[in-house]
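Data from final.tsv: TSV, C-alpha atoms and all ligand atoms
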```
chain	number	residue	atom	x	y	z
A	21	MET	CA	0.00	0.00	0.00
A	22	SER	CA	1.15	3.52	-0.66
A	23	HIS	CA	2.47	5.58	2.23
A	24	VAL	CA	0.07	8.45	1.41
A	25	PRO	CA	-3.34	7.92	2.96
A	26	GLN	CA	-5.81	7.83	0.11
A	27	GLN	CA	-8.79	7.85	2.45
A	28	ALA	CA	-9.72	10.76	4.72
A	29	PRO	CA	-10.34	9.94	8.41
A	30	ASP	CA	-14.09	9.73	7.66
A	31	GLY	CA	-13.41	7.04	5.02
A	32	GLY	CA	-14.00	9.30	2.03
A	33	LEU	CA	-11.54	9.01	-0.83
A	34	ARG	CA	-9.03	11.78	-1.27
A	35	HIS	CA	-6.86	10.10	-3.92
A	36	LEU	CA	-7.07	6.84	-5.80
A	37	LEU	CA	-3.54	5.49	-5.77
A	38	SER	CA	-4.05	1.75	-5.33
A	39	LEU	CA	-6.83	-0.72	-4.61
A	40	ASP	CA	-4.59	-2.35	-2.04
A	41	GLY	CA	-6.08	-1.81	1.40
A	42	LEU	CA	-9.47	-0.52	0.21
A	43	PRO	CA	-12.29	-2.47	1.82
A	44	ALA	CA	-15.03	-4.23	-0.15
A	45	SER	CA	-17.54	-1.58	0.91
A	46	VAL	CA	-15.53	1.21	-0.75
A	47	LEU	CA	-15.05	-0.87	-3.90
A	48	HIS	CA	-18.74	-1.73	-4.13
A	49	ASP	CA	-19.68	1.93	-3.53
A	50	LEU	CA	-17.49	3.00	-6.45
A	51	LEU	CA	-18.92	0.24	-8.63
A	52	ASP	CA	-22.48	1.19	-7.63
A	53	ARG	CA	-21.75	4.80	-8.52
A	54	ALA	CA	-20.33	3.70	-11.89
A	55	GLN	CA	-23.39	1.54	-12.55
A	56	VAL	CA	-25.68	4.50	-11.88
A	57	LEU	CA	-23.66	6.77	-14.17
A	58	LEU	CA	-23.34	4.14	-16.91
A	59	PRO	CA	-26.57	4.85	-18.85
A	60	ASP	CA	-25.46	8.46	-19.26
A	61	ALA	CA	-21.77	7.76	-19.58
A	62	HIS	CA	-22.06	7.47	-23.35
A	63	ALA	CA	-25.09	9.63	-23.90
A	64	GLY	CA	-23.44	12.99	-24.24
A	65	THR	CA	-24.89	15.87	-22.32
A	66	ALA	CA	-27.07	14.47	-19.52
A	67	LEU	CA	-24.45	14.81	-16.78
A	68	ARG	CA	-22.72	17.94	-18.00
A	69	GLY	CA	-23.83	19.99	-14.99
A	70	ARG	CA	-22.59	17.48	-12.42
A	71	ARG	CA	-18.97	18.61	-11.95
A	72	ALA	CA	-18.99	21.72	-14.10
A	73	GLY	CA	-16.36	24.26	-13.11
A	74	ARG	CA	-13.89	21.62	-11.91
A	75	THR	CA	-10.73	20.84	-13.88
A	76	MET	CA	-9.01	17.56	-14.65
A	77	CYS	CA	-5.50	17.32	-16.08
A	78	THR	CA	-3.91	14.22	-17.57
A	79	LEU	CA	-0.20	13.97	-16.84
A	80	PHE	CA	1.17	10.95	-18.69
A	81	PHE	CA	4.86	10.20	-18.50
A	82	GLU	CA	4.23	6.90	-20.32
A	83	THR	CA	2.17	6.07	-23.41
A	84	SER	CA	-1.52	5.21	-23.33
A	85	THR	CA	-4.39	4.69	-25.74
A	86	ARG	CA	-7.42	3.63	-23.75
A	87	THR	CA	-6.82	5.03	-20.32
A	88	ARG	CA	-6.08	8.58	-21.32
A	89	SER	CA	-8.95	8.88	-23.82
A	90	SER	CA	-11.27	7.23	-21.35
A	91	PHE	CA	-10.42	9.74	-18.60
A	92	GLN	CA	-10.81	12.63	-21.05
A	93	LEU	CA	-14.26	11.49	-22.06
A	94	ALA	CA	-15.23	10.73	-18.47
A	95	ALA	CA	-14.30	14.22	-17.30
A	96	THR	CA	-15.98	15.88	-20.27
A	97	ARG	CA	-19.19	13.96	-19.62
A	98	LEU	CA	-19.17	15.20	-16.03
A	99	GLY	CA	-18.93	18.74	-17.39
A	100	MET	CA	-15.32	19.27	-16.26
A	101	ASP	CA	-12.69	21.32	-18.03
A	102	VAL	CA	-9.98	19.04	-19.40
A	103	LEU	CA	-6.32	19.78	-19.84
A	104	ASN	CA	-4.06	17.25	-21.55
A	105	PHE	CA	-0.58	18.06	-20.46
A	106	ASP	CA	1.87	17.05	-23.14
A	107	VAL	CA	4.90	15.81	-21.24
A	108	GLY	CA	6.85	15.24	-24.45
A	109	SER	CA	6.88	18.89	-25.51
A	110	SER	CA	6.97	20.44	-22.04
A	111	SER	CA	9.51	21.78	-19.55
A	112	THR	CA	9.95	18.22	-18.30
A	113	ARG	CA	12.39	18.03	-21.17
A	114	LYS	CA	14.18	21.06	-19.78
A	115	GLY	CA	14.65	19.25	-16.49
A	116	GLU	CA	11.61	20.38	-14.52
A	117	SER	CA	10.67	17.81	-11.89
A	118	ALA	CA	7.28	16.10	-12.04
A	119	LEU	CA	6.35	17.71	-8.72
A	120	ASP	CA	7.18	21.22	-9.96
A	121	THR	CA	5.07	20.53	-13.05
A	122	LEU	CA	2.20	19.40	-10.84
A	123	ARG	CA	2.45	22.46	-8.61
A	124	THR	CA	2.52	24.76	-11.63
A	125	LEU	CA	-0.65	23.19	-12.97
A	126	GLU	CA	-2.22	23.25	-9.50
A	127	ALA	CA	-1.64	27.01	-9.46
A	128	MET	CA	-3.71	27.21	-12.66
A	129	GLY	CA	-6.65	25.67	-10.83
A	130	VAL	CA	-6.47	21.96	-11.64
A	131	ASP	CA	-8.52	19.92	-9.14
A	132	VAL	CA	-7.84	16.37	-10.33
A	133	PHE	CA	-4.64	14.99	-11.80
A	134	VAL	CA	-4.67	11.69	-13.66
A	135	VAL	CA	-1.09	10.49	-13.69
A	136	ARG	CA	0.72	7.65	-15.42
A	137	HIS	CA	4.38	6.99	-14.77
A	138	ALA	CA	6.93	4.29	-15.56
A	139	ASP	CA	8.14	4.03	-11.96
A	140	ASP	CA	6.43	2.07	-9.18
A	141	GLY	CA	5.20	4.43	-6.48
A	142	ALA	CA	5.73	7.60	-8.53
A	143	VAL	CA	2.09	8.71	-8.34
A	144	ALA	CA	1.93	8.26	-4.56
A	145	GLN	CA	5.09	10.30	-4.28
A	146	LEU	CA	3.50	13.13	-6.25
A	147	ALA	CA	0.37	12.88	-4.11
A	148	ALA	CA	2.51	13.39	-1.02
A	149	GLY	CA	3.60	16.77	-2.41
A	150	ALA	CA	0.20	17.93	-3.67
A	151	ALA	CA	-1.83	20.72	-2.06
A	152	PRO	CA	-4.57	19.63	0.39
A	153	GLY	CA	-7.47	20.18	-2.03
A	154	THR	CA	-5.88	18.38	-4.99
A	155	HIS	CA	-6.85	14.83	-5.94
A	156	LEU	CA	-4.59	12.38	-7.72
A	157	ILE	CA	-5.65	9.30	-9.63
A	158	ASN	CA	-3.10	6.67	-10.52
A	159	ALA	CA	-3.52	5.76	-14.19
A	160	GLY	CA	-0.74	3.17	-13.97
A	161	ASP	CA	2.62	3.30	-12.19
A	162	GLY	CA	5.30	0.86	-13.35
A	163	ARG	CA	4.28	-2.65	-12.45
A	164	ALA	CA	2.66	-1.61	-9.21
A	165	SER	CA	-0.93	-0.54	-9.73
A	166	HIS	CA	-3.64	0.39	-12.20
A	167	PRO	CA	-6.62	0.89	-9.91
A	168	THR	CA	-9.22	2.11	-12.43
A	169	GLN	CA	-8.47	-0.93	-14.62
A	170	GLY	CA	-8.99	-3.13	-11.56
A	171	LEU	CA	-12.32	-1.43	-10.88
A	172	LEU	CA	-13.57	-1.69	-14.45
A	173	ASP	CA	-12.65	-5.36	-14.50
A	174	MET	CA	-14.66	-5.88	-11.29
A	175	LEU	CA	-17.61	-3.95	-12.72
A	176	THR	CA	-17.54	-6.14	-15.83
A	177	LEU	CA	-17.48	-9.29	-13.69
A	178	ARG	CA	-20.18	-8.02	-11.33
A	179	GLN	CA	-22.56	-7.08	-14.16
A	180	ARG	CA	-22.41	-10.56	-15.64
A	181	LYS	CA	-21.84	-12.79	-12.63
A	182	GLY	CA	-23.53	-10.92	-9.78
A	183	ARG	CA	-22.27	-9.24	-6.63
A	184	ASP	CA	-21.33	-12.44	-4.84
A	185	PHE	CA	-17.71	-12.99	-5.79
A	186	SER	CA	-17.40	-15.95	-3.42
A	187	ARG	CA	-19.05	-18.18	-6.04
A	188	LEU	CA	-16.49	-17.31	-8.71
A	189	THR	CA	-13.29	-18.90	-9.94
A	190	VAL	CA	-11.23	-16.33	-11.80
A	191	LEU	CA	-8.02	-17.01	-13.73
A	192	ILE	CA	-5.39	-14.37	-14.47
A	193	ALA	CA	-3.03	-15.66	-17.13
A	194	GLY	CA	0.16	-14.58	-18.85
A	195	ASP	CA	2.80	-12.06	-17.93
A	196	LEU	CA	1.81	-11.35	-14.35
A	197	LYS	CA	5.32	-10.37	-13.38
A	198	HIS	CA	5.27	-7.09	-15.31
A	199	SER	CA	1.57	-6.38	-14.98
A	200	ARG	CA	0.10	-3.60	-12.87
A	201	VAL	CA	-3.32	-4.74	-14.07
A	202	ALA	CA	-2.78	-8.16	-12.50
A	203	ARG	CA	-1.78	-6.58	-9.19
A	204	SER	CA	-4.83	-4.31	-9.08
A	205	ASP	CA	-7.13	-7.18	-10.09
A	206	LEU	CA	-5.63	-9.32	-7.34
A	207	HIS	CA	-6.12	-6.57	-4.75
A	208	ALA	CA	-9.76	-6.19	-5.78
A	209	LEU	CA	-10.57	-9.90	-6.13
A	210	ARG	CA	-9.20	-10.58	-2.65
A	211	ALA	CA	-11.06	-7.65	-1.10
A	212	LEU	CA	-14.32	-8.72	-2.77
A	213	GLY	CA	-13.91	-12.27	-1.48
A	214	CYS	CA	-13.45	-14.10	-4.79
A	215	GLY	CA	-13.98	-17.83	-4.20
A	216	GLU	CA	-10.88	-19.01	-6.04
A	217	ILE	CA	-8.18	-16.98	-7.73
A	218	ARG	CA	-5.96	-18.89	-10.16
A	219	VAL	CA	-2.86	-17.60	-11.88
A	220	CYS	CA	-0.98	-19.18	-14.73
A	221	GLY	CA	2.09	-18.24	-16.73
A	222	PRO	CA	5.66	-19.30	-17.49
A	223	ALA	CA	7.63	-19.54	-14.22
A	224	ASN	CA	9.87	-16.63	-15.26
A	225	LEU	CA	6.85	-14.37	-15.82
A	226	LEU	CA	5.26	-14.93	-12.41
A	227	PRO	CA	5.83	-12.42	-9.62
A	228	GLY	CA	6.91	-13.26	-6.08
A	229	GLU	CA	4.87	-15.04	-3.43
A	230	GLU	CA	3.75	-11.83	-1.76
A	231	VAL	CA	1.94	-10.72	-4.94
A	232	LEU	CA	0.38	-14.17	-5.41
A	233	ARG	CA	-0.78	-14.53	-1.81
A	234	GLY	CA	-3.87	-16.76	-1.63
A	235	CYS	CA	-3.77	-17.72	-5.34
A	236	ARG	CA	-3.60	-21.21	-6.85
A	237	VAL	CA	-0.57	-21.14	-9.13
A	238	PHE	CA	-0.50	-23.24	-12.32
A	239	GLY	CA	2.21	-23.84	-14.91
A	240	ASP	CA	-0.13	-25.78	-17.18
A	241	PHE	CA	-2.72	-23.62	-18.91
A	242	ASP	CA	-5.13	-26.47	-19.68
A	243	GLN	CA	-5.37	-27.33	-15.99
A	244	ALA	CA	-5.56	-23.67	-14.96
A	245	ILE	CA	-8.50	-22.83	-17.19
A	246	ALA	CA	-10.58	-25.92	-16.44
A	247	GLY	CA	-14.03	-24.81	-15.23
A	248	VAL	CA	-13.19	-21.13	-14.61
A	249	ASP	CA	-15.88	-18.44	-14.72
A	250	ALA	CA	-13.58	-15.82	-16.21
A	251	ALA	CA	-10.14	-15.72	-17.78
A	252	ILE	CA	-8.30	-12.41	-17.61
A	253	MET	CA	-5.58	-12.55	-20.25
A	254	LEU	CA	-2.56	-10.27	-19.97
A	255	ARG	CA	-0.35	-8.75	-22.61
A	256	LEU	CA	3.26	-9.84	-22.84
A	257	GLN	CA	4.88	-6.60	-21.68
A	258	ARG	CA	7.97	-6.78	-23.82
A	259	GLU	CA	8.90	-3.15	-23.09
A	260	ARG	CA	9.41	-4.04	-19.42
A	261	MET	CA	11.27	-7.31	-20.01
A	262	ASP	CA	14.89	-8.29	-20.13
A	263	GLU	CA	15.86	-9.91	-23.40
A	264	GLY	CA	15.28	-13.62	-23.71
A	265	LEU	CA	12.54	-14.06	-21.10
A	266	VAL	CA	10.25	-15.33	-23.84
A	267	PRO	CA	12.29	-17.18	-26.46
A	268	SER	CA	9.59	-17.35	-29.16
A	269	MET	CA	6.12	-15.93	-29.69
A	270	GLU	CA	4.97	-19.16	-31.35
A	271	GLY	CA	6.11	-21.17	-28.33
A	272	TYR	CA	4.35	-18.74	-26.00
A	273	TYR	CA	1.09	-19.02	-27.91
A	274	ARG	CA	1.33	-22.81	-27.96
A	275	ASP	CA	1.77	-23.03	-24.18
A	276	PHE	CA	-0.03	-19.96	-22.85
A	277	GLY	CA	-2.18	-18.55	-25.64
A	278	LEU	CA	-5.96	-18.57	-25.25
A	279	SER	CA	-7.09	-20.63	-28.25
A	280	PRO	CA	-10.70	-21.67	-28.96
A	281	GLU	CA	-9.80	-25.22	-27.85
A	282	ARG	CA	-8.51	-24.01	-24.50
A	283	LEU	CA	-11.49	-21.75	-23.95
A	284	ALA	CA	-13.72	-24.82	-24.38
A	285	LEU	CA	-12.19	-26.20	-21.12
A	286	ALA	CA	-13.56	-23.26	-19.10
A	287	ALA	CA	-17.16	-23.03	-17.83
A	288	PRO	CA	-19.55	-22.79	-20.83
A	289	ASP	CA	-20.46	-19.19	-19.94
A	290	ALA	CA	-16.94	-18.16	-19.01
A	291	LEU	CA	-15.96	-14.57	-19.76
A	292	VAL	CA	-12.84	-13.70	-21.73
A	293	MET	CA	-11.24	-10.48	-20.55
A	294	HIS	CA	-8.17	-8.50	-21.61
A	295	PRO	CA	-7.12	-5.00	-20.54
A	296	GLY	CA	-5.67	-4.16	-23.95
A	297	PRO	CA	-3.65	-3.58	-25.95
A	298	MET	CA	-3.97	-7.17	-27.21
A	299	ASN	CA	-1.30	-9.11	-29.02
A	300	ARG	CA	-3.47	-11.32	-31.21
A	301	GLY	CA	-1.85	-14.67	-31.89
A	302	VAL	CA	0.46	-14.27	-28.87
A	303	GLU	CA	-1.58	-14.32	-25.63
A	304	ILE	CA	-4.97	-14.57	-27.29
A	305	ASP	CA	-6.36	-15.93	-30.53
A	306	GLY	CA	-8.12	-13.33	-32.69
A	307	ALA	CA	-11.24	-15.51	-32.93
A	308	VAL	CA	-11.48	-15.70	-29.14
A	309	ALA	CA	-10.90	-11.96	-28.75
A	310	ASP	CA	-13.78	-11.29	-31.14
A	311	GLY	CA	-15.90	-14.26	-30.07
A	312	PRO	CA	-19.19	-14.36	-28.16
A	313	GLN	CA	-17.57	-14.90	-24.76
A	314	SER	CA	-15.26	-11.92	-25.10
A	315	VAL	CA	-16.17	-8.87	-23.01
A	316	VAL	CA	-13.13	-6.88	-24.01
A	317	LEU	CA	-15.12	-3.99	-25.49
A	318	ALA	CA	-17.56	-4.02	-22.57
A	319	GLN	CA	-14.54	-3.52	-20.33
A	320	VAL	CA	-13.59	-0.46	-22.38
A	321	ALA	CA	-17.13	0.91	-22.19
A	322	ASN	CA	-17.23	0.31	-18.42
A	323	GLY	CA	-13.93	2.14	-18.14
A	324	VAL	CA	-15.57	5.47	-18.94
A	325	ALA	CA	-18.27	5.00	-16.28
A	326	VAL	CA	-15.74	3.82	-13.68
A	327	ARG	CA	-13.53	6.85	-14.30
A	328	MET	CA	-16.52	9.14	-14.05
A	329	ALA	CA	-17.43	7.47	-10.76
A	330	VAL	CA	-13.93	7.83	-9.32
A	331	MET	CA	-13.65	11.54	-10.21
A	332	ASP	CA	-17.19	12.14	-8.99
A	333	ALA	CA	-16.44	10.44	-5.67
A	334	LEU	CA	-13.19	12.34	-5.16
A	335	LEU	CA	-14.86	15.67	-5.88
A	336	ALA	CA	-17.83	14.81	-3.67
A	337	GLY	CA	-15.49	14.09	-0.74
B	401	LIG	N1	-3.06	-0.97	-20.69
B	401	LIG	C1	-2.63	-1.71	-19.54
B	401	LIG	C2	-1.56	-0.97	-18.75
B	401	LIG	O1	-1.32	0.18	-19.01
B	401	LIG	C3	-2.22	-3.09	-19.87
B	401	LIG	C4	-1.07	-3.22	-20.82
B	401	LIG	O2	-0.45	-2.23	-21.20
B	401	LIG	O3	-0.79	-4.35	-21.17
B	401	LIG	O4	-0.99	-1.53	-17.85
```
structure tokens encoding of this file:
Amino acid sequence: MSHVPQQAPDGGLRHLLSLDGLPASVLHDLLDRAQVLLPDAHAGTALRGRRAGRTMCTLFFETSTRTRSSFQLAATRLGMDVLNFDVGSSSTRKGESALDTLRTLEAMGVDVFVVRHADDGAVAQLAAGAAPGTHLINAGDGRASHPTQGLLDMLTLRQRKGRDFSRLTVLIAGDLKHSRVARSDLHALRALGCGEIRVCGPANLLPGEEVLRGCRVFGDFDQAIAGVDAAIMLRLQRERMDEGLVPSMEGYYRDFGLSPERLALAAPDALVMHPGPMNRGVEIDGAVADGPQSVVLAQVANGVAVRMAVMDALLAG
């Protein structure tokens, strides 16, 4: 857990830095809020008065497709002003520290910062230096945490499988070692009381025991996927890997790729999930990604509502 308290003494959220340590009640409240906002999340103008006059700024020190656009749309649909800070063409390149950049933007009246950074813990560190009224949302820090992805994954599961996670067996498969999504999903699944959490991947792509606490660990994908209610597939994060960890993409797909044949071993109504971006033919077959059990695009759609809910909750507190 981060060293900066993300909850105020009354339990209200001040920042969203990690799902680690957040109780089930807080997670369900955020998911309930997202579910309420969902019908209007894609409808344009209905919620434009809700947080009008407040300002959100994206501060991305690492690339993003989904997360950044999703936050932009979420803020716009709540009526907020949106600033996309372009790190690449900014004073960061002249040596300005991330905290000085944040303080400069704070002085312009930004209320909520959505921050992505390549280093574990970097967003919590920035939060520690932020002014009392400023809210930070972690949009992914290194391998550590991606809390809004964790929440949108839980919303997707809850919509299709119900609120009682104790009846579910969920598999997280692939490159868990480098995945902040896996860590946030694990934090949330544990907090929500998931019946059985399975993980599967090549031994050199699994993280340490502390991360996998309480999980059933499999090296054999066919055994891991047998009977599961959902399979969360992860991208091979080659940009975070040392050379040679995965000798061949063909070999990886053969042993750990989600093919139609493997999916047939899961429960008949099992969900196929992936945070994106997908490597088709590496961790997931294109036909499975586009198939009837795939909820990949529903995850993306839920992402907008979840991000609206998080900003709304922070600003309400
Ligand atoms: N988009 C997710 C992340 O930023 C997953 C990935 O990149 O594979 O962590």
Expected selection as a PyMOL selection string for ligand LIG 401 (chain B) within 9 Å, only C-alpha atoms and all ligand atoms: chain A and resi 82-87+136+159-163+165-166+169+198-202+254-257+294-298
Separation of CA of Ser314 in chain A from CA of Ala290 in chain A, in Å and rounded to one decimal: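 Atom-to-atom, CA of Ser314 in chain A and CA of Ala290 in chain A are spaced 8.9 Å apart.
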Need to verify the contact set: Cys77 in chain A, 7 Å, all atoms listed in the file, exclusion of same-chain residues closer than 2 positions in sequence. Can you return it as a VMD selection string? chain A and resid 75 79 102 to 105 130 132 to 134
Distance CA of Asp249 in chain A-CA of His48 in chain A, one decimal place?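 CA of Asp249 in chain A sits 20.0 Å away from CA of His48 in chain A.
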Atom pair CA of Leu67 in chain A + CA of Leu175 in chain A, distance 20.4 Å
Could you check which of A:Gly264, A:Gly170, A:Gly337, A:Pro280 is closest to Leu212 in chain A, using all atoms listed in the file?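 Looking at the shortest contact to Leu212 in chain A, the residue is A:Gly170.
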Pick from A:Asp240, A:Asp310, A:Asp52, A:Glu216 nearest to Met174 in chain A, counting all atoms listed in the file: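 Nearest to Met174 in chain A: A:Asp52.
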One residue among A:Ala138, A:Leu146, A:Val302, A:Met253 is nearest to Cys220 in chain A when using all atoms listed in the file, and that residue is A:Met253
I'd like to know which of A:Arg274, A:Arg300, A:His35, A:Arg53 is closest to Ala150 in chain A, using only C-alpha atoms.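 Answer, going by the shortest atom-to-atom distance: A:His35.
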For Ala94 in chain A, which residue out of A:Leu47, A:Ala164, A:Leu335, A:Val324 is the nearest one, using all atoms listed in the file?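 So, comparing all the options, the nearest one is A:Val324.
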Can you put N, CA, C and O atoms back into range 126-150 of chain A and show it as a PDB file, in the frame of the given file?
```
ATOM      1  N   GLU A 126      -1.332  23.009 -10.650  1.00  0.00           N
ATOM      2  CA  GLU A 126      -2.220  23.250  -9.500  1.00  0.00           C
ATOM      3  C   GLU A 126      -2.526  24.745  -9.378  1.00  0.00           C
ATOM      4  O   GLU A 126      -3.665  25.142  -9.141  1.00  0.00           O
ATOM      5  N   ALA A 127      -1.481  25.560  -9.585  1.00  0.00           N
ATOM      6  CA  ALA A 127      -1.640  27.010  -9.460  1.00  0.00           C
ATOM      7  C   ALA A 127      -2.571  27.555 -10.541  1.00  0.00           C
ATOM      8  O   ALA A 127      -3.095  28.657 -10.416  1.00  0.00           O
ATOM      9  N   MET A 128      -2.771  26.786 -11.604  1.00  0.00           N
ATOM     10  CA  MET A 128      -3.710  27.210 -12.660  1.00  0.00           C
ATOM     11  C   MET A 128      -5.131  26.752 -12.357  1.00  0.00           C
ATOM     12  O   MET A 128      -6.033  26.961 -13.151  1.00  0.00           O
ATOM     13  N   GLY A 129      -5.300  26.044 -11.243  1.00  0.00           N
ATOM     14  CA  GLY A 129      -6.650  25.670 -10.830  1.00  0.00           C
ATOM     15  C   GLY A 129      -7.071  24.244 -11.183  1.00  0.00           C
ATOM     16  O   GLY A 129      -8.266  23.953 -11.239  1.00  0.00           O
ATOM     17  N   VAL A 130      -6.102  23.363 -11.381  1.00  0.00           N
ATOM     18  CA  VAL A 130      -6.470  21.960 -11.640  1.00  0.00           C
ATOM     19  C   VAL A 130      -6.897  21.293 -10.333  1.00  0.00           C
ATOM     20  O   VAL A 130      -6.216  21.435  -9.314  1.00  0.00           O
ATOM     21  N   ASP A 131      -8.021  20.601 -10.341  1.00  0.00           N
ATOM     22  CA  ASP A 131      -8.520  19.920  -9.140  1.00  0.00           C
ATOM     23  C   ASP A 131      -8.096  18.453  -9.091  1.00  0.00           C
ATOM     24  O   ASP A 131      -7.862  17.890  -8.028  1.00  0.00           O
ATOM     25  N   VAL A 132      -8.107  17.808 -10.268  1.00  0.00           N
ATOM     26  CA  VAL A 132      -7.840  16.370 -10.330  1.00  0.00           C
ATOM     27  C   VAL A 132      -6.722  16.105 -11.330  1.00  0.00           C
ATOM     28  O   VAL A 132      -6.805  16.549 -12.486  1.00  0.00           O
ATOM     29  N   PHE A 133      -5.696  15.406 -10.889  1.00  0.00           N
ATOM     30  CA  PHE A 133      -4.640  14.990 -11.800  1.00  0.00           C
ATOM     31  C   PHE A 133      -4.744  13.484 -12.037  1.00  0.00           C
ATOM     32  O   PHE A 133      -4.852  12.714 -11.076  1.00  0.00           O
ATOM     33  N   VAL A 134      -4.687  13.108 -13.294  1.00  0.00           N
ATOM     34  CA  VAL A 134      -4.670  11.690 -13.660  1.00  0.00           C
ATOM     35  C   VAL A 134      -3.265  11.418 -14.171  1.00  0.00           C
ATOM     36  O   VAL A 134      -2.847  11.976 -15.184  1.00  0.00           O
ATOM     37  N   VAL A 135      -2.526  10.593 -13.423  1.00  0.00           N
ATOM     38  CA  VAL A 135      -1.090  10.490 -13.690  1.00  0.00           C
ATOM     39  C   VAL A 135      -0.684   9.065 -14.033  1.00  0.00           C
ATOM     40  O   VAL A 135      -1.054   8.109 -13.338  1.00  0.00           O
ATOM     41  N   ARG A 136       0.097   8.936 -15.085  1.00  0.00           N
ATOM     42  CA  ARG A 136       0.720   7.650 -15.420  1.00  0.00           C
ATOM     43  C   ARG A 136       2.235   7.845 -15.421  1.00  0.00           C
ATOM     44  O   ARG A 136       2.736   8.843 -15.925  1.00  0.00           O
ATOM     45  N   HIS A 137       2.925   6.867 -14.865  1.00  0.00           N
ATOM     46  CA  HIS A 137       4.380   6.990 -14.770  1.00  0.00           C
ATOM     47  C   HIS A 137       5.025   5.612 -14.860  1.00  0.00           C
ATOM     48  O   HIS A 137       4.428   4.621 -14.459  1.00  0.00           O
ATOM     49  N   ALA A 138       6.253   5.582 -15.382  1.00  0.00           N
ATOM     50  CA  ALA A 138       6.930   4.290 -15.560  1.00  0.00           C
ATOM     51  C   ALA A 138       7.451   3.706 -14.246  1.00  0.00           C
ATOM     52  O   ALA A 138       7.766   2.519 -14.181  1.00  0.00           O
ATOM     53  N   ASP A 139       7.536   4.522 -13.204  1.00  0.00           N
ATOM     54  CA  ASP A 139       8.140   4.030 -11.960  1.00  0.00           C
ATOM     55  C   ASP A 139       7.087   3.634 -10.921  1.00  0.00           C
ATOM     56  O   ASP A 139       6.141   4.397 -10.661  1.00  0.00           O
ATOM     57  N   ASP A 140       7.297   2.498 -10.279  1.00  0.00           N
ATOM     58  CA  ASP A 140       6.430   2.070  -9.180  1.00  0.00           C
ATOM     59  C   ASP A 140       6.427   3.147  -8.092  1.00  0.00           C
ATOM     60  O   ASP A 140       7.498   3.631  -7.714  1.00  0.00           O
ATOM     61  N   GLY A 141       5.276   3.497  -7.606  1.00  0.00           N
ATOM     62  CA  GLY A 141       5.200   4.430  -6.480  1.00  0.00           C
ATOM     63  C   GLY A 141       5.301   5.901  -6.856  1.00  0.00           C
ATOM     64  O   GLY A 141       5.172   6.772  -5.988  1.00  0.00           O
ATOM     65  N   ALA A 142       5.505   6.199  -8.138  1.00  0.00           N
ATOM     66  CA  ALA A 142       5.730   7.600  -8.530  1.00  0.00           C
ATOM     67  C   ALA A 142       4.483   8.460  -8.293  1.00  0.00           C
ATOM     68  O   ALA A 142       4.598   9.634  -7.934  1.00  0.00           O
ATOM     69  N   VAL A 143       3.313   7.896  -8.479  1.00  0.00           N
ATOM     70  CA  VAL A 143       2.090   8.710  -8.340  1.00  0.00           C
ATOM     71  C   VAL A 143       1.832   9.006  -6.857  1.00  0.00           C
ATOM     72  O   VAL A 143       1.464  10.127  -6.489  1.00  0.00           O
ATOM     73  N   ALA A 144       2.088   8.031  -6.001  1.00  0.00           N
ATOM     74  CA  ALA A 144       1.930   8.260  -4.560  1.00  0.00           C
ATOM     75  C   ALA A 144       2.909   9.329  -4.081  1.00  0.00           C
ATOM     76  O   ALA A 144       2.573  10.172  -3.242  1.00  0.00           O
ATOM     77  N   GLN A 145       4.095   9.304  -4.652  1.00  0.00           N
ATOM     78  CA  GLN A 145       5.090  10.300  -4.280  1.00  0.00           C
ATOM     79  C   GLN A 145       4.621  11.710  -4.654  1.00  0.00           C
ATOM     80  O   GLN A 145       4.762  12.645  -3.868  1.00  0.00           O
ATOM     81  N   LEU A 146       4.037  11.832  -5.827  1.00  0.00           N
ATOM     82  CA  LEU A 146       3.500  13.130  -6.250  1.00  0.00           C
ATOM     83  C   LEU A 146       2.353  13.541  -5.331  1.00  0.00           C
ATOM     84  O   LEU A 146       2.225  14.717  -4.965  1.00  0.00           O
ATOM     85  N   ALA A 147       1.523  12.578  -4.979  1.00  0.00           N
ATOM     86  CA  ALA A 147       0.370  12.880  -4.110  1.00  0.00           C
ATOM     87  C   ALA A 147       0.851  13.440  -2.776  1.00  0.00           C
ATOM     88  O   ALA A 147       0.221  14.335  -2.200  1.00  0.00           O
ATOM     89  N   ALA A 148       1.978  12.931  -2.313  1.00  0.00           N
ATOM     90  CA  ALA A 148       2.510  13.390  -1.020  1.00  0.00           C
ATOM     91  C   ALA A 148       2.881  14.879  -1.085  1.00  0.00           C
ATOM     92  O   ALA A 148       2.849  15.574  -0.066  1.00  0.00           O
ATOM     93  N   GLY A 149       3.200  15.371  -2.285  1.00  0.00           N
ATOM     94  CA  GLY A 149       3.600  16.770  -2.410  1.00  0.00           C
ATOM     95  C   GLY A 149       2.480  17.684  -2.888  1.00  0.00           C
ATOM     96  O   GLY A 149       2.697  18.883  -3.055  1.00  0.00           O
ATOM     97  N   ALA A 150       1.297  17.120  -3.112  1.00  0.00           N
ATOM     98  CA  ALA A 150       0.200  17.930  -3.670  1.00  0.00           C
ATOM     99  C   ALA A 150      -0.473  18.772  -2.581  1.00  0.00           C
ATOM    100  O   ALA A 150      -0.426  18.433  -1.393  1.00  0.00           O
TER     101      ALA A 150
END
```
